[in-house]
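Visitor: This is the structure I have questions about; it appears just below.
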Amino acid sequence: MLVGVDLGGRSHFDETLDELALLAESAGDVPVARVIAKRKAPDPALFVGSGKADEIKALVEGHKAEAVLFDQALSPAQQRNLERHLGVAVADRTMLILEIFAARAQSHEGKLQVELARLQYLSTRLVRRWSHLERQRGGIGTRGGPGEAQIELDRRMIGERIKSVKERLVKVKRQRGTQRRSRERSGTFRISLVGYTNAGKSTLFNALVKARAYAADQLFATLDTTTRQLYLEDLDATASLSDTVGFIRDLPHKLVEAFEATLQEAADADLLLHVVDAASPVLDEQMAEVQRVLQEIGADAVPQILVYNKLDNLAESQQPQALSDVLERDGGLRVPRVFVSALRGTGLPELRRLISAAVAAGRDTGLNFDETASTSGVSDTAPEAHDDADAKAYRRQL
C-alpha cells in the first residue's frame, strides 16, 4: 500500500505517488491501494497522525496488504511506531531506493557504493531491531539489558564495516582520478549523459554509439557508468561518451555521497547531455531536480545540451515546430535544445550537429578533444553557418 503526505508547496502531488508506484514495481512489489493525507507538518509519532493511521490500518486489512510504503522519509521512531500500529512492515522512499540500487548494482564499485549507503542508513535504525530484547530487561534500576548490548555490538560492527568500505572507495576514487588524468593527457573531449531516471539515457547512449548497454522502461535501469567512443563525422573526431546513474526527486543525500566517484564523471565532463522525458507531466520539476543534484556534485557550471527525448510519446498537437532551438533560462543563459526519439532515431542528426558545435567551441576556448585525422583535420573541415551560431551559444555557457 502506498502512502503520500501532502505537506503543501508541491504541485502535481498525484504524480509523486505515480513515481512511488513505479519505484515499488521496479523493486518487484505490486501496489494494491493508495492513501493521500494532508498535513501542515508531520506527526512526530506516526507521521500521519492517529486518525489517518487507523484509516490506513483498515485498508491494509481490507486489501490484505503485506507492507506499507511511505513517499516521505520516516524517522526510526516513526517507522517503529507505524509497524506496531499497522501490524505490517513499513518502509519509506529512501529504503526502497536503496533496495533497488542494491539489486541493480553490477560492478564492484557500484556494489561498494550501495553497501556504504545502506550501512549508513541502517546505523540510524538499530534500536528498532532489538527493542524486543529491551522488554526482557529486569525491573526498575536494571541497566545494560540485552537489547542495549546488542545495539552497541551492531553499531560497532557497522562502524567498522563503513570504515572498510570507505577505504576501498578511496582506492576506487584514486583509480578514477588516474584514468581521468590519462584522458586529459590524451586530449579526449568528455561528454556525460545526465537526467532524471527513466528519461531514456541508456537508449540514447546506445543510439549514439551503437552499443548494447542495458536499457529498460524502468527506474534506475542503469547504475554503473559505461563509457564508449563517439565518432563525430563532420569533424572527423572522437569524443568519450559516458552513461551515468539517473537522478530522482529526494535522492538520499547519503546515496549521492556514496556515489561520489561515479557522479564525478559528470563533474569532470566538458559537456553534459541533459536528457529529459519530453512527455512527462512533471518535466519542469524533474529538470529542476537534476539541476539541484548537479549543483550538489559541482557539475552545474558544465555546458549543457538539453535533449528532450521520447518525442514519439508526444501527441500530434504537442510536437515541436523545429527539432532544435535555444532555451533561455533564468539569468539570460541560452542553452541549446534538441527534440529526439532515441528509440526511432528522430532528431539524432540534429543532436550530433549540436555536439560537434560544442566540441568546436571547446576547441576555441582551449578545451581538448581527440582528432582522429591529422592536426589540420578540423580546421580543414568548414562548418556550416548554423554550426557557427551553435558554437557561439556554447561559448556563452563556457
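Ordering of the C-alpha cells sets the chain letters (A, B, ...); residue numbers start at 1 within each chain; ligands are numbered from 1 in the order shown.
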Which residues of segment 55-91 of chain A have any atom within 9 Å of an atom in segment 16-23 of chain A when counting only C-alpha atoms, and what is the closest pair of atoms for each, with the distance in Å to one decimal? Order the rows by chain and rising number and write it as JSON lines.
Guide:
{"residue": "A:Leu69", "atom": "CA", "partner": "A:Leu20", "partner_atom": "CA", "distance": 8.5}
{"residue": "A:Phe70", "atom": "CA", "partner": "A:Leu20", "partner_atom": "CA", "distance": 8.6}
{"residue": "A:Asp71", "atom": "CA", "partner": "A:Leu20", "partner_atom": "CA", "distance": 6.5}
Visitor: Can you tell me, as a list in words, what residues are no more than 9 Å from Asp54 of chain A when counting only C-alpha atoms, ignoring any on the same chain fewer than 4 positions away?
Guide: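 Answer for this query is Gly49, Ser50, Ala58, Leu59, His85 and Leu86 of chain A.
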Visitor: Output the selection as an mmCIF file, in the first residue's frame - N, CA and C atoms for each residue.
Guide:
data_model
loop_
_atom_site.group_PDB
_atom_site.id
_atom_site.type_symbol
_atom_site.label_atom_id
_atom_site.label_comp_id
_atom_site.auth_asym_id
_atom_site.auth_seq_id
_atom_site.Cartn_x
_atom_site.Cartn_y
_atom_site.Cartn_z
ATOM 1 N N GLY A 49 -0.512 10.964 11.850
ATOM 2 C CA GLY A 49 -1.494 11.153 12.901
ATOM 3 C C GLY A 49 -2.268 9.874 13.165
ATOM 4 N N SER A 50 -2.851 9.761 14.344
ATOM 5 C CA SER A 50 -3.511 8.510 14.742
ATOM 6 C C SER A 50 -4.765 8.216 13.926
ATOM 7 N N ALA A 58 -7.153 -0.060 8.449
ATOM 8 C CA ALA A 58 -8.362 -0.696 7.925
ATOM 9 C C ALA A 58 -8.182 -1.075 6.457
ATOM 10 N N LEU A 59 -7.539 -0.208 5.683
ATOM 11 C CA LEU A 59 -7.297 -0.502 4.269
ATOM 12 C C LEU A 59 -6.293 -1.641 4.112
ATOM 13 N N HIS A 85 1.560 -0.109 15.032
ATOM 14 C CA HIS A 85 0.168 0.317 14.875
ATOM 15 C C HIS A 85 -0.525 -0.432 13.739
ATOM 16 N N LEU A 86 0.181 -0.616 12.628
ATOM 17 C CA LEU A 86 -0.435 -1.212 11.436
ATOM 18 C C LEU A 86 -0.333 -2.730 11.410
#
Visitor: Any idea what the distance is between atom CA of Met157 of chain A and atom CA of Pro76 of chain A?
Guide: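 Atom CA of Pro76 of chain A lies at a distance of 19.3 Å from atom CA of Met157 of chain A.
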Visitor: Could you write out, as a short mmCIF file (atom, residue, chain, number, x, y, z; two decimals) with N, CA and C atoms, in the first residue's frame, all the residues of segment 33-206 of chain A that DSSP marks as helix (DSSP H, G or I)?
Guide:
data_model
loop_
_atom_site.label_atom_id
_atom_site.label_comp_id
_atom_site.auth_asym_id
_atom_site.auth_seq_id
_atom_site.Cartn_x
_atom_site.Cartn_y
_atom_site.Cartn_z
N SER A 50 -2.85 9.76 14.34
CA SER A 50 -3.51 8.51 14.74
C SER A 50 -4.76 8.22 13.93
N GLY A 51 -5.55 9.26 13.59
CA GLY A 51 -6.77 9.03 12.82
C GLY A 51 -6.49 8.46 11.45
N LYS A 52 -5.56 9.06 10.74
CA LYS A 52 -5.20 8.57 9.40
C LYS A 52 -4.51 7.21 9.51
N ALA A 53 -3.76 6.98 10.56
CA ALA A 53 -3.12 5.68 10.76
C ALA A 53 -4.17 4.59 10.93
N ASP A 54 -5.26 4.90 11.64
CA ASP A 54 -6.36 3.93 11.78
C ASP A 54 -7.00 3.64 10.43
N GLU A 55 -7.16 4.68 9.61
CA GLU A 55 -7.72 4.50 8.26
C GLU A 55 -6.82 3.61 7.41
N ILE A 56 -5.52 3.84 7.49
CA ILE A 56 -4.56 3.02 6.73
C ILE A 56 -4.62 1.58 7.20
N LYS A 57 -4.73 1.38 8.51
CA LYS A 57 -4.79 0.02 9.06
C LYS A 57 -6.00 -0.73 8.52
N ALA A 58 -7.15 -0.06 8.45
CA ALA A 58 -8.36 -0.70 7.92
C ALA A 58 -8.18 -1.07 6.46
N LEU A 59 -7.54 -0.21 5.68
CA LEU A 59 -7.30 -0.50 4.27
C LEU A 59 -6.29 -1.64 4.11
N VAL A 60 -5.30 -1.67 4.97
CA VAL A 60 -4.32 -2.77 4.94
C VAL A 60 -5.02 -4.10 5.15
N GLU A 61 -5.90 -4.14 6.13
CA GLU A 61 -6.63 -5.38 6.42
C GLU A 61 -7.60 -5.72 5.30
N GLY A 62 -8.26 -4.70 4.74
CA GLY A 62 -9.22 -4.95 3.67
C GLY A 62 -8.57 -5.44 2.38
N HIS A 63 -7.40 -4.91 2.07
CA HIS A 63 -6.69 -5.30 0.83
C HIS A 63 -5.69 -6.43 1.07
N PRO A 76 13.42 6.78 12.48
CA PRO A 76 13.39 5.42 13.05
C PRO A 76 12.22 5.22 14.00
N ALA A 77 11.92 6.23 14.82
CA ALA A 77 10.81 6.11 15.78
C ALA A 77 9.47 6.03 15.06
N GLN A 78 9.28 6.85 14.03
CA GLN A 78 8.03 6.82 13.27
C GLN A 78 7.84 5.47 12.59
N GLN A 79 8.90 4.94 12.01
CA GLN A 79 8.81 3.64 11.35
C GLN A 79 8.44 2.55 12.35
N ARG A 80 9.08 2.58 13.51
CA ARG A 80 8.80 1.59 14.55
C ARG A 80 7.36 1.70 15.05
N ASN A 81 6.90 2.92 15.30
CA ASN A 81 5.54 3.13 15.79
C ASN A 81 4.49 2.71 14.77
N LEU A 82 4.75 3.00 13.50
CA LEU A 82 3.81 2.63 12.45
C LEU A 82 3.70 1.12 12.30
N GLU A 83 4.82 0.42 12.39
CA GLU A 83 4.78 -1.04 12.27
C GLU A 83 3.97 -1.65 13.42
N ARG A 84 4.13 -1.10 14.60
CA ARG A 84 3.35 -1.60 15.74
C ARG A 84 1.87 -1.30 15.54
N HIS A 85 1.56 -0.11 15.03
CA HIS A 85 0.17 0.32 14.88
C HIS A 85 -0.53 -0.43 13.74
N LEU A 86 0.18 -0.62 12.63
CA LEU A 86 -0.43 -1.21 11.44
C LEU A 86 -0.33 -2.73 11.41
N ARG A 93 10.56 5.84 1.25
CA ARG A 93 11.12 6.02 -0.09
C ARG A 93 12.62 5.78 -0.10
N THR A 94 13.31 6.26 0.92
CA THR A 94 14.76 6.09 0.98
C THR A 94 15.14 4.62 1.01
N MET A 95 14.47 3.85 1.87
CA MET A 95 14.77 2.42 1.97
C MET A 95 14.51 1.71 0.65
N LEU A 96 13.42 2.09 -0.02
CA LEU A 96 13.07 1.45 -1.29
C LEU A 96 14.13 1.74 -2.36
N ILE A 97 14.57 2.98 -2.44
CA ILE A 97 15.60 3.34 -3.43
C ILE A 97 16.89 2.57 -3.15
N LEU A 98 17.25 2.44 -1.88
CA LEU A 98 18.45 1.69 -1.53
C LEU A 98 18.33 0.23 -1.93
N GLU A 99 17.14 -0.36 -1.75
CA GLU A 99 16.92 -1.75 -2.14
C GLU A 99 17.06 -1.92 -3.65
N ILE A 100 16.51 -0.97 -4.41
CA ILE A 100 16.61 -1.05 -5.87
C ILE A 100 18.06 -0.93 -6.30
N PHE A 101 18.78 0.01 -5.71
CA PHE A 101 20.19 0.17 -6.05
C PHE A 101 20.97 -1.10 -5.73
N ALA A 102 20.67 -1.71 -4.59
CA ALA A 102 21.38 -2.93 -4.20
C ALA A 102 21.13 -4.05 -5.19
N ALA A 103 19.91 -4.13 -5.71
CA ALA A 103 19.57 -5.19 -6.66
C ALA A 103 20.16 -4.94 -8.04
N ARG A 104 20.36 -3.66 -8.42
CA ARG A 104 20.79 -3.33 -9.78
C ARG A 104 22.29 -3.17 -9.93
N HIS A 108 31.89 -3.92 -9.20
CA HIS A 108 32.45 -3.94 -7.84
C HIS A 108 32.29 -2.57 -7.19
N GLU A 109 32.57 -1.54 -7.96
CA GLU A 109 32.46 -0.17 -7.44
C GLU A 109 31.01 0.15 -7.07
N GLY A 110 30.08 -0.20 -7.95
CA GLY A 110 28.68 0.08 -7.69
C GLY A 110 28.18 -0.61 -6.44
N LYS A 111 28.58 -1.86 -6.26
CA LYS A 111 28.16 -2.62 -5.07
C LYS A 111 28.72 -2.01 -3.80
N LEU A 112 29.97 -1.55 -3.86
CA LEU A 112 30.57 -0.90 -2.69
C LEU A 112 29.82 0.38 -2.33
N GLN A 113 29.47 1.15 -3.36
CA GLN A 113 28.79 2.42 -3.12
C GLN A 113 27.42 2.20 -2.50
N VAL A 114 26.69 1.21 -2.99
CA VAL A 114 25.38 0.91 -2.44
C VAL A 114 25.51 0.39 -1.01
N GLU A 115 26.50 -0.47 -0.78
CA GLU A 115 26.68 -1.01 0.57
C GLU A 115 26.96 0.10 1.57
N LEU A 116 27.76 1.07 1.19
CA LEU A 116 28.06 2.18 2.09
C LEU A 116 26.78 2.94 2.44
N ALA A 117 25.97 3.25 1.44
CA ALA A 117 24.73 3.99 1.69
C ALA A 117 23.78 3.19 2.57
N ARG A 118 23.67 1.89 2.34
CA ARG A 118 22.77 1.05 3.14
C ARG A 118 23.25 0.94 4.59
N LEU A 119 24.55 0.80 4.77
CA LEU A 119 25.09 0.72 6.13
C LEU A 119 24.85 2.01 6.90
N GLN A 120 25.04 3.14 6.21
CA GLN A 120 24.82 4.42 6.87
C GLN A 120 23.35 4.60 7.24
N TYR A 121 22.46 4.12 6.38
CA TYR A 121 21.02 4.19 6.66
C TYR A 121 20.67 3.26 7.82
N LEU A 122 21.21 2.05 7.80
CA LEU A 122 20.90 1.06 8.84
C LEU A 122 21.41 1.50 10.21
N LEU A 126 19.12 0.96 14.29
CA LEU A 126 19.45 -0.24 15.05
C LEU A 126 18.50 -0.49 16.20
N VAL A 127 18.01 0.59 16.81
CA VAL A 127 17.21 0.42 18.01
C VAL A 127 15.94 -0.38 17.75
N ARG A 128 15.35 -0.24 16.55
CA ARG A 128 14.09 -0.94 16.28
C ARG A 128 14.31 -2.44 16.08
N ARG A 129 15.54 -2.85 15.76
CA ARG A 129 15.79 -4.26 15.52
C ARG A 129 15.84 -5.06 16.81
N SER A 131 14.45 -3.90 19.97
CA SER A 131 13.57 -3.39 21.02
C SER A 131 12.89 -4.52 21.78
N HIS A 132 12.70 -5.69 21.12
CA HIS A 132 12.06 -6.80 21.82
C HIS A 132 12.94 -7.32 22.96
N LEU A 133 14.26 -7.19 22.80
CA LEU A 133 15.16 -7.62 23.86
C LEU A 133 15.11 -6.66 25.05
N GLU A 134 14.88 -5.39 24.76
CA GLU A 134 14.80 -4.42 25.85
C GLU A 134 13.63 -4.73 26.77
N PRO A 146 19.91 -6.79 27.42
CA PRO A 146 20.41 -7.47 26.22
C PRO A 146 20.22 -6.66 24.95
N GLY A 147 19.12 -5.91 24.88
CA GLY A 147 18.90 -5.10 23.69
C GLY A 147 19.96 -4.03 23.54
N GLU A 148 20.25 -3.36 24.64
CA GLU A 148 21.26 -2.30 24.62
C GLU A 148 22.62 -2.86 24.24
N ALA A 149 22.96 -4.03 24.78
CA ALA A 149 24.25 -4.65 24.47
C ALA A 149 24.33 -5.02 22.99
N GLN A 150 23.24 -5.56 22.45
CA GLN A 150 23.23 -5.97 21.05
C GLN A 150 23.33 -4.76 20.12
N ILE A 151 22.65 -3.67 20.51
CA ILE A 151 22.72 -2.45 19.71
C ILE A 151 24.15 -1.94 19.64
N GLU A 152 24.83 -1.91 20.76
CA GLU A 152 26.21 -1.43 20.79
C GLU A 152 27.12 -2.32 19.97
N LEU A 153 26.89 -3.63 20.04
CA LEU A 153 27.69 -4.57 19.25
C LEU A 153 27.47 -4.34 17.76
N ASP A 154 26.20 -4.21 17.37
CA ASP A 154 25.89 -3.97 15.96
C ASP A 154 26.45 -2.63 15.49
N ARG A 155 26.32 -1.62 16.34
CA ARG A 155 26.80 -0.30 15.96
C ARG A 155 28.31 -0.34 15.72
N ARG A 156 29.03 -1.06 16.56
CA ARG A 156 30.48 -1.16 16.39
C ARG A 156 30.83 -1.93 15.12
N MET A 157 30.10 -3.03 14.85
CA MET A 157 30.36 -3.83 13.65
C MET A 157 30.06 -3.03 12.38
N ILE A 158 28.94 -2.30 12.39
CA ILE A 158 28.58 -1.49 11.23
C ILE A 158 29.60 -0.37 11.03
N GLY A 159 30.03 0.24 12.14
CA GLY A 159 31.03 1.30 12.04
C GLY A 159 32.33 0.81 11.42
N GLU A 160 32.75 -0.39 11.82
CA GLU A 160 33.97 -0.97 11.25
C GLU A 160 33.80 -1.27 9.77
N ARG A 161 32.61 -1.77 9.41
CA ARG A 161 32.36 -2.08 8.00
C ARG A 161 32.31 -0.80 7.16
N ILE A 162 31.68 0.24 7.69
CA ILE A 162 31.62 1.52 6.97
C ILE A 162 33.03 2.04 6.72
N LYS A 163 33.89 1.95 7.74
CA LYS A 163 35.27 2.40 7.59
C LYS A 163 35.99 1.61 6.50
N SER A 164 35.77 0.28 6.48
CA SER A 164 36.41 -0.57 5.48
C SER A 164 35.94 -0.23 4.07
N VAL A 165 34.63 -0.05 3.90
CA VAL A 165 34.08 0.26 2.57
C VAL A 165 34.58 1.62 2.10
N LYS A 166 34.62 2.59 2.99
CA LYS A 166 35.11 3.92 2.63
C LYS A 166 36.56 3.86 2.15
N GLU A 167 37.37 3.07 2.84
CA GLU A 167 38.78 2.94 2.44
C GLU A 167 38.91 2.33 1.05
N ARG A 168 38.06 1.35 0.76
CA ARG A 168 38.10 0.73 -0.57
C ARG A 168 37.60 1.70 -1.64
N LEU A 169 36.62 2.53 -1.28
CA LEU A 169 36.12 3.51 -2.24
C LEU A 169 37.14 4.62 -2.50
N VAL A 170 37.96 4.92 -1.51
CA VAL A 170 39.03 5.89 -1.71
C VAL A 170 39.99 5.39 -2.78
N LYS A 171 40.28 4.09 -2.76
CA LYS A 171 41.14 3.49 -3.78
C LYS A 171 40.49 3.59 -5.16
N VAL A 172 39.17 3.34 -5.20
CA VAL A 172 38.43 3.45 -6.46
C VAL A 172 38.51 4.88 -6.99
N LYS A 173 38.35 5.84 -6.08
CA LYS A 173 38.40 7.25 -6.48
C LYS A 173 39.78 7.60 -7.04
N ARG A 174 40.82 7.05 -6.42
CA ARG A 174 42.18 7.29 -6.93
C ARG A 174 42.34 6.71 -8.33
N GLN A 175 41.81 5.49 -8.53
CA GLN A 175 41.90 4.86 -9.85
C GLN A 175 41.17 5.70 -10.89
N ARG A 176 39.98 6.21 -10.52
CA ARG A 176 39.24 7.06 -11.45
C ARG A 176 40.02 8.34 -11.74
N GLY A 177 40.68 8.87 -10.72
CA GLY A 177 41.48 10.07 -10.92
C GLY A 177 42.62 9.82 -11.89
N THR A 178 43.25 8.65 -11.77
CA THR A 178 44.33 8.28 -12.69
C THR A 178 43.80 8.15 -14.11
N GLN A 179 42.64 7.50 -14.26
CA GLN A 179 42.02 7.36 -15.57
C GLN A 179 41.65 8.72 -16.15
N ARG A 180 41.13 9.61 -15.29
CA ARG A 180 40.73 10.94 -15.73
C ARG A 180 41.93 11.73 -16.24
N ARG A 181 43.02 11.67 -15.48
CA ARG A 181 44.22 12.40 -15.91
C ARG A 181 44.77 11.83 -17.20
N SER A 182 44.63 10.51 -17.38
CA SER A 182 45.08 9.88 -18.62
C SER A 182 44.26 10.40 -19.80
N ARG A 183 42.94 10.53 -19.60
CA ARG A 183 42.08 11.05 -20.67
C ARG A 183 42.42 12.50 -20.97
N GLU A 184 42.73 13.26 -19.91
CA GLU A 184 43.08 14.67 -20.11
C GLU A 184 44.36 14.79 -20.92
N ARG A 185 45.33 13.93 -20.61
CA ARG A 185 46.60 13.98 -21.36
C ARG A 185 46.41 13.58 -22.81
N SER A 186 45.46 12.67 -23.04
CA SER A 186 45.23 12.22 -24.42
C SER A 186 44.42 13.24 -25.21
N LYS A 201 18.18 7.72 -21.08
CA LYS A 201 19.60 7.98 -21.29
C LYS A 201 20.31 6.80 -21.94
N SER A 202 20.06 5.59 -21.44
CA SER A 202 20.76 4.42 -21.97
C SER A 202 20.34 4.12 -23.40
N THR A 203 19.06 4.33 -23.71
CA THR A 203 18.60 4.14 -25.09
C THR A 203 19.28 5.14 -26.01
N LEU A 204 19.41 6.38 -25.56
CA LEU A 204 20.10 7.40 -26.36
C LEU A 204 21.58 7.06 -26.49
N PHE A 205 22.19 6.61 -25.42
CA PHE A 205 23.60 6.20 -25.44
C PHE A 205 23.81 5.12 -26.50
N ASN A 206 22.96 4.11 -26.50
CA ASN A 206 23.08 3.03 -27.48
C ASN A 206 22.90 3.54 -28.90
#
Visitor: Using only C-alpha atoms, can you tell me which of A:Val256, A:Leu208, A:Leu327, A:Ala199 comes closest to Ser280 of chain A?
Guide: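 Closest residue, counting only C-alpha atoms: A:Ala199.
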Visitor: Could you work out how far atom CA of Ala278 of chain A lies from atom CA of Tyr231 of chain A, giving the answer in Å with one decimal?
Guide: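 Distance reported for this atom pair: 26.0 Å.
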Visitor: Find, counting only C-alpha atoms, the residue in A:Gln72, A:Gln295, A:Gln321, A:Asn309 that gets nearest to Pro252 of chain A.
Guide: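 Nearest to Pro252 of chain A: A:Gln72.
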Visitor: Quick one: of A:Leu230, A:Ala269, A:Glu316, A:Gly8, who's nearest to Arg39 of chain A, counting only C-alpha atoms?
Guide: A:Gly8
Visitor: Near Val340 of chain A, counting only C-alpha atoms, which residues have an atom at most 8 Å away, once you skip same-chain residues fewer than 6 positions from it, shown as an MDAnalysis selection string?
Guide: chainID A and resid 307:311 323 346:348 351
Visitor: If you keep C-alpha atoms, can you produce a file of those selected residues as a JSON list (two decimals), in the first residue's frame?
Guide:
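File result-v6.json, as written:
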[["chain", "number", "residue", "atom", "x", "y", "z"],
["A", 307, "VAL", "CA", 17.87, 16.65, -25.06],
["A", 308, "TYR", "CA", 14.08, 16.33, -25.00],
["A", 309, "ASN", "CA", 13.70, 12.59, -25.55],
["A", 310, "LYS", "CA", 10.66, 10.35, -26.22],
["A", 311, "LEU", "CA", 9.35, 12.60, -28.98],
["A", 323, "LEU", "CA", 13.75, 19.79, -33.84],
["A", 346, "THR", "CA", 14.31, 11.12, -34.94],
["A", 347, "GLY", "CA", 16.41, 14.21, -34.21],
["A", 348, "LEU", "CA", 19.70, 12.35, -33.78],
["A", 351, "LEU", "CA", 21.89, 16.27, -31.82]]
Visitor: Using only C-alpha atoms, determine which residues lie at most 9 Å from Ser192 of chain A, disregarding the query and same-chain residues fewer than 5 positions distant; provide the list as a list in words.
Guide: Thr227, Ser240, Leu241, Ser242, Asp243, Thr244, Glu265, Ala266, Ala267, Asp268, Ala269, Asp270, Leu271, Leu272, Leu273 and His274 of chain A
Visitor: Store the residues picked out above, limited to N, CA and C atoms, as a short mmCIF file (atom, residue, chain, number, x, y, z; two decimals), in the first residue's frame.
Guide:
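Saved result, part.cif, follows:
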data_model
loop_
_atom_site.label_atom_id
_atom_site.label_comp_id
_atom_site.auth_asym_id
_atom_site.auth_seq_id
_atom_site.Cartn_x
_atom_site.Cartn_y
_atom_site.Cartn_z
N THR A 227 31.29 3.86 -20.62
CA THR A 227 31.91 4.86 -21.49
C THR A 227 32.30 4.24 -22.82
N SER A 240 34.65 11.00 -25.86
CA SER A 240 34.17 9.93 -24.99
C SER A 240 32.78 10.27 -24.50
N LEU A 241 31.88 9.28 -24.52
CA LEU A 241 30.50 9.47 -24.08
C LEU A 241 30.23 8.51 -22.93
N SER A 242 29.78 9.04 -21.79
CA SER A 242 29.53 8.21 -20.60
C SER A 242 28.05 8.25 -20.23
N ASP A 243 27.50 7.07 -19.97
CA ASP A 243 26.13 6.94 -19.47
C ASP A 243 26.21 6.81 -17.95
N THR A 244 25.45 7.62 -17.22
CA THR A 244 25.57 7.64 -15.76
C THR A 244 24.25 7.31 -15.09
N GLU A 265 32.03 11.66 -12.87
CA GLU A 265 32.09 11.65 -14.34
C GLU A 265 31.38 12.87 -14.91
N ALA A 266 30.25 13.25 -14.30
CA ALA A 266 29.51 14.42 -14.77
C ALA A 266 30.24 15.71 -14.44
N ALA A 267 30.80 15.78 -13.23
CA ALA A 267 31.50 16.99 -12.82
C ALA A 267 32.76 17.24 -13.64
N ASP A 268 33.39 16.17 -14.12
CA ASP A 268 34.64 16.29 -14.88
C ASP A 268 34.41 16.42 -16.38
N ALA A 269 33.15 16.34 -16.82
CA ALA A 269 32.86 16.36 -18.25
C ALA A 269 33.08 17.75 -18.85
N ASP A 270 33.34 17.78 -20.16
CA ASP A 270 33.41 19.04 -20.89
C ASP A 270 32.03 19.46 -21.38
N LEU A 271 31.11 18.49 -21.45
CA LEU A 271 29.76 18.76 -21.94
C LEU A 271 28.80 17.76 -21.32
N LEU A 272 27.62 18.23 -20.92
CA LEU A 272 26.57 17.36 -20.40
C LEU A 272 25.41 17.32 -21.39
N LEU A 273 24.96 16.11 -21.70
CA LEU A 273 23.71 15.94 -22.44
C LEU A 273 22.64 15.69 -21.38
N HIS A 274 21.87 16.72 -21.08
CA HIS A 274 20.81 16.63 -20.06
C HIS A 274 19.56 16.07 -20.73
#
Visitor: Using only C-alpha atoms, which protein or nucleic acid residues come within 9 Å of Val290 of chain A? Drop anything in the same chain fewer than 4 positions from it, and give the result as a list in words.
Guide: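 Answer for this query is Val194, Gly195, Tyr196, Gly246, Phe247, Ile248, Arg249, His274, Glu285, Gln286, Leu294 and Gln295 of chain A.
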Visitor: With distances taken over only C-alpha atoms, which residue among A:Gly200, A:Asp284, A:Glu328, A:Glu25 lies nearest Leu343 of chain A?
Guide: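 Selected residue with least distance to Leu343 of chain A: A:Gly200.
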Visitor: So, with only C-alpha atoms as the atoms that count, which of A:Leu74, A:Ala24, A:Val5, A:Ala237 lies closest to Val48 of chain A?
Guide: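 Under the stated criterion, the closest residue is A:Val5.
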Visitor: Between A:Ala258, A:Leu314, A:Leu7, A:Val293, which one has atoms that come closest to Asp43 of chain A, using only C-alpha atoms?
Guide: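 Selected residue with least distance to Asp43 of chain A: A:Leu7.
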Visitor: In segment 151-269 of chain A, what's strand (DSSP E or B) per DSSP? Answer as a list in words?
Guide: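 Here are the strand (DSSP E or B) residues of segment 151-269 of chain A: Phe189, Arg190, Ile191, Ser192, Leu193, Val194, Gly195, Tyr196, Thr226, Thr227, Arg228, Gln229, Leu230, Tyr231, Leu232, Ala237, Thr238, Ala239, Ser240, Leu241, Ser242, Asp243 and Phe247 of chain A.
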Visitor: Write to file, as a short mmCIF file (atom, residue, chain, number, x, y, z; two decimals), in the first residue's frame, the residues of the selection just made, with N, CA and C atoms.
Guide:
data_model
loop_
_atom_site.label_atom_id
_atom_site.label_comp_id
_atom_site.auth_asym_id
_atom_site.auth_seq_id
_atom_site.Cartn_x
_atom_site.Cartn_y
_atom_site.Cartn_z
N PHE A 189 37.82 14.80 -25.52
CA PHE A 189 36.67 15.63 -25.14
C PHE A 189 35.66 14.72 -24.46
N ARG A 190 35.24 15.07 -23.24
CA ARG A 190 34.42 14.18 -22.42
C ARG A 190 32.98 14.67 -22.36
N ILE A 191 32.06 13.76 -22.68
CA ILE A 191 30.63 14.05 -22.66
C ILE A 191 29.95 13.06 -21.71
N SER A 192 29.08 13.57 -20.86
CA SER A 192 28.33 12.69 -19.95
C SER A 192 26.83 12.89 -20.15
N LEU A 193 26.11 11.78 -20.15
CA LEU A 193 24.65 11.81 -20.17
C LEU A 193 24.16 11.93 -18.74
N VAL A 194 23.31 12.90 -18.48
CA VAL A 194 22.69 13.04 -17.16
C VAL A 194 21.20 13.23 -17.36
N GLY A 195 20.43 13.02 -16.32
CA GLY A 195 18.99 13.23 -16.42
C GLY A 195 18.23 12.48 -15.37
N TYR A 196 16.95 12.74 -15.33
CA TYR A 196 16.07 12.06 -14.39
C TYR A 196 15.98 10.59 -14.77
N THR A 226 29.03 3.59 -17.97
CA THR A 226 29.55 2.94 -19.17
C THR A 226 30.09 4.03 -20.09
N THR A 227 31.29 3.86 -20.62
CA THR A 227 31.91 4.86 -21.49
C THR A 227 32.30 4.24 -22.82
N ARG A 228 31.96 4.93 -23.90
CA ARG A 228 32.32 4.49 -25.25
C ARG A 228 32.81 5.70 -26.05
N GLN A 229 33.45 5.43 -27.18
CA GLN A 229 33.90 6.49 -28.07
C GLN A 229 32.78 6.89 -29.03
N LEU A 230 32.54 8.18 -29.12
CA LEU A 230 31.53 8.72 -30.03
C LEU A 230 32.24 9.37 -31.21
N TYR A 231 31.99 8.86 -32.42
CA TYR A 231 32.63 9.41 -33.61
C TYR A 231 31.77 10.54 -34.18
N LEU A 232 32.41 11.69 -34.42
CA LEU A 232 31.74 12.86 -34.99
C LEU A 232 32.21 13.03 -36.42
N ALA A 237 36.40 13.47 -35.80
CA ALA A 237 36.98 13.43 -34.45
C ALA A 237 36.15 12.51 -33.57
N THR A 238 36.74 12.08 -32.46
CA THR A 238 36.00 11.27 -31.49
C THR A 238 35.99 11.96 -30.14
N ALA A 239 34.96 11.67 -29.38
CA ALA A 239 34.84 12.14 -28.00
C ALA A 239 34.40 10.95 -27.16
N SER A 240 34.65 11.00 -25.86
CA SER A 240 34.17 9.93 -24.99
C SER A 240 32.78 10.27 -24.50
N LEU A 241 31.88 9.28 -24.52
CA LEU A 241 30.50 9.47 -24.08
C LEU A 241 30.23 8.51 -22.93
N SER A 242 29.78 9.04 -21.79
CA SER A 242 29.53 8.21 -20.60
C SER A 242 28.05 8.25 -20.23
N ASP A 243 27.50 7.07 -19.97
CA ASP A 243 26.13 6.94 -19.47
C ASP A 243 26.21 6.81 -17.95
N PHE A 247 18.97 10.49 -11.87
CA PHE A 247 18.62 11.19 -10.65
C PHE A 247 17.13 11.01 -10.39
#
